[in-house]
Amino acid sequence: SRMRIAHKRAETEADYDPLCSIFIRRGWAKKSSSLLDLHTKKGGVLCLMYIVLDDFKQINDTYGVAVG
């Protein structure tokens with residue numbers, strides 16, 4: 001039980017940015033793959049957006065996490 005909880009926590013931490021609670025590359029890859037599979041099965045309209053913010057760390061380091 002504890003092992004399962006620890007595994008789930010590790011998976012979540014590997015998928016999300018701890019400061020912003022948004023997907024990081026690994027989480028994005030898993031979620032987009034899942035959405036594409038679902039879209040293939042069910043059809044419909046699907047729009048995926050991926051935004052890369054260059055030097056985001058520098059913004060956080062300079063102005064603080066609240067601004068970033």
# chains A, B, ... in the order shown; residues from 1 in each chain; ligands from 1
>>> residues_around(residues="Tyr16 in chain A", least_positions_apart="2", cutoff="12 Å", atoms="only C-alpha atoms", output="tab-separated table (two decimals) with C-alpha atoms, in the first residue's frame")
chain	number	residue	atom	x	y	z
A	9	ARG	CA	3.63	10.22	-6.02
A	10	ALA	CA	6.87	9.67	-7.97
A	11	GLU	CA	4.92	9.36	-11.23
A	12	THR	CA	3.09	12.62	-10.53
A	13	GLU	CA	6.28	14.44	-9.59
A	14	ALA	CA	7.92	13.24	-12.81
A	18	PRO	CA	6.43	21.58	-8.87
A	19	LEU	CA	6.22	25.39	-9.05
A	20	CYS	CA	3.52	25.81	-11.66
A	21	SER	CA	1.60	22.50	-11.43
A	22	ILE	CA	1.65	22.16	-15.21
A	23	PHE	CA	2.92	19.28	-17.31
A	24	ILE	CA	6.62	19.09	-18.02
A	25	ARG	CA	7.87	17.35	-21.15
A	26	ARG	CA	7.31	13.82	-19.82
A	27	GLY	CA	3.78	14.55	-18.62
A	28	TRP	CA	2.94	16.37	-21.85
A	29	ALA	CA	4.14	13.42	-23.94
A	30	LYS	CA	2.01	10.96	-21.96
A	31	LYS	CA	-1.13	13.13	-21.96
>>> select_by_dssp(residues="chain A", states="alpha helix (DSSP H)", output="number ranges by chain")
A: 2-15, 25-42, 56-63
>>> atom_distance(atom1="CA of Leu36 in chain A", atom2="CA of Met49 in chain A")
12.7 Å
>>> atom_distance(atom1="CA of Ser34 in chain A", atom2="CA of Lys8 in chain A")
17.9 Å
>>> atom_distance(atom1="CA of Leu38 in chain A", atom2="CA of His7 in chain A")
25.4 Å
>>> decode(residues="range 23-38 of chain A", atoms="N, CA, C and O atoms", output="PDB file, in the first residue's frame")
ATOM      1  N   PHE A  23       2.129  20.384 -16.780  1.00  0.00           N
ATOM      2  CA  PHE A  23       2.921  19.277 -17.313  1.00  0.00           C
ATOM      3  C   PHE A  23       4.310  19.739 -17.720  1.00  0.00           C
ATOM      4  O   PHE A  23       4.466  20.813 -18.290  1.00  0.00           O
ATOM      5  N   ILE A  24       5.298  18.911 -17.432  1.00  0.00           N
ATOM      6  CA  ILE A  24       6.616  19.094 -18.016  1.00  0.00           C
ATOM      7  C   ILE A  24       6.668  18.167 -19.231  1.00  0.00           C
ATOM      8  O   ILE A  24       5.684  17.510 -19.566  1.00  0.00           O
ATOM      9  N   ARG A  25       7.765  18.100 -19.901  1.00  0.00           N
ATOM     10  CA  ARG A  25       7.866  17.352 -21.150  1.00  0.00           C
ATOM     11  C   ARG A  25       7.352  15.921 -21.034  1.00  0.00           C
ATOM     12  O   ARG A  25       6.595  15.447 -21.871  1.00  0.00           O
ATOM     13  N   ARG A  26       7.728  15.215 -19.997  1.00  0.00           N
ATOM     14  CA  ARG A  26       7.311  13.819 -19.818  1.00  0.00           C
ATOM     15  C   ARG A  26       5.794  13.713 -19.665  1.00  0.00           C
ATOM     16  O   ARG A  26       5.143  12.884 -20.291  1.00  0.00           O
ATOM     17  N   GLY A  27       5.223  14.565 -18.827  1.00  0.00           N
ATOM     18  CA  GLY A  27       3.778  14.554 -18.620  1.00  0.00           C
ATOM     19  C   GLY A  27       3.023  14.936 -19.873  1.00  0.00           C
ATOM     20  O   GLY A  27       1.987  14.359 -20.202  1.00  0.00           O
ATOM     21  N   TRP A  28       3.555  15.935 -20.592  1.00  0.00           N
ATOM     22  CA  TRP A  28       2.942  16.368 -21.846  1.00  0.00           C
ATOM     23  C   TRP A  28       2.943  15.230 -22.867  1.00  0.00           C
ATOM     24  O   TRP A  28       1.943  14.992 -23.537  1.00  0.00           O
ATOM     25  N   ALA A  29       4.039  14.523 -22.972  1.00  0.00           N
ATOM     26  CA  ALA A  29       4.136  13.420 -23.936  1.00  0.00           C
ATOM     27  C   ALA A  29       3.107  12.332 -23.620  1.00  0.00           C
ATOM     28  O   ALA A  29       2.430  11.827 -24.516  1.00  0.00           O
ATOM     29  N   LYS A  30       2.970  11.994 -22.348  1.00  0.00           N
ATOM     30  CA  LYS A  30       2.009  10.959 -21.956  1.00  0.00           C
ATOM     31  C   LYS A  30       0.569  11.408 -22.218  1.00  0.00           C
ATOM     32  O   LYS A  30      -0.231  10.666 -22.772  1.00  0.00           O
ATOM     33  N   LYS A  31       0.236  12.634 -21.812  1.00  0.00           N
ATOM     34  CA  LYS A  31      -1.132  13.127 -21.960  1.00  0.00           C
ATOM     35  C   LYS A  31      -1.501  13.317 -23.421  1.00  0.00           C
ATOM     36  O   LYS A  31      -2.601  12.950 -23.847  1.00  0.00           O
ATOM     37  N   SER A  32      -0.606  13.881 -24.219  1.00  0.00           N
ATOM     38  CA  SER A  32      -0.916  14.099 -25.634  1.00  0.00           C
ATOM     39  C   SER A  32      -1.082  12.769 -26.362  1.00  0.00           C
ATOM     40  O   SER A  32      -1.964  12.633 -27.210  1.00  0.00           O
ATOM     41  N   SER A  33      -0.281  11.793 -26.012  1.00  0.00           N
ATOM     42  CA  SER A  33      -0.418  10.470 -26.615  1.00  0.00           C
ATOM     43  C   SER A  33      -1.780   9.866 -26.282  1.00  0.00           C
ATOM     44  O   SER A  33      -2.460   9.303 -27.147  1.00  0.00           O
ATOM     45  N   SER A  34      -2.188  10.005 -25.033  1.00  0.00           N
ATOM     46  CA  SER A  34      -3.491   9.514 -24.594  1.00  0.00           C
ATOM     47  C   SER A  34      -4.626  10.215 -25.343  1.00  0.00           C
ATOM     48  O   SER A  34      -5.587   9.573 -25.792  1.00  0.00           O
ATOM     49  N   LEU A  35      -4.524  11.540 -25.488  1.00  0.00           N
ATOM     50  CA  LEU A  35      -5.552  12.292 -26.206  1.00  0.00           C
ATOM     51  C   LEU A  35      -5.615  11.908 -27.683  1.00  0.00           C
ATOM     52  O   LEU A  35      -6.697  11.793 -28.260  1.00  0.00           O
ATOM     53  N   LEU A  36      -4.457  11.706 -28.292  1.00  0.00           N
ATOM     54  CA  LEU A  36      -4.436  11.307 -29.700  1.00  0.00           C
ATOM     55  C   LEU A  36      -5.042   9.920 -29.895  1.00  0.00           C
ATOM     56  O   LEU A  36      -5.781   9.686 -30.858  1.00  0.00           O
ATOM     57  N   ASP A  37      -4.769   9.007 -28.979  1.00  0.00           N
ATOM     58  CA  ASP A  37      -5.380   7.671 -29.046  1.00  0.00           C
ATOM     59  C   ASP A  37      -6.895   7.768 -28.922  1.00  0.00           C
ATOM     60  O   ASP A  37      -7.631   7.123 -29.682  1.00  0.00           O
ATOM     61  N   LEU A  38      -7.373   8.553 -27.987  1.00  0.00           N
ATOM     62  CA  LEU A  38      -8.809   8.730 -27.798  1.00  0.00           C
ATOM     63  C   LEU A  38      -9.438   9.362 -29.030  1.00  0.00           C
ATOM     64  O   LEU A  38     -10.509   8.940 -29.485  1.00  0.00           O
TER      65      LEU A  38
END
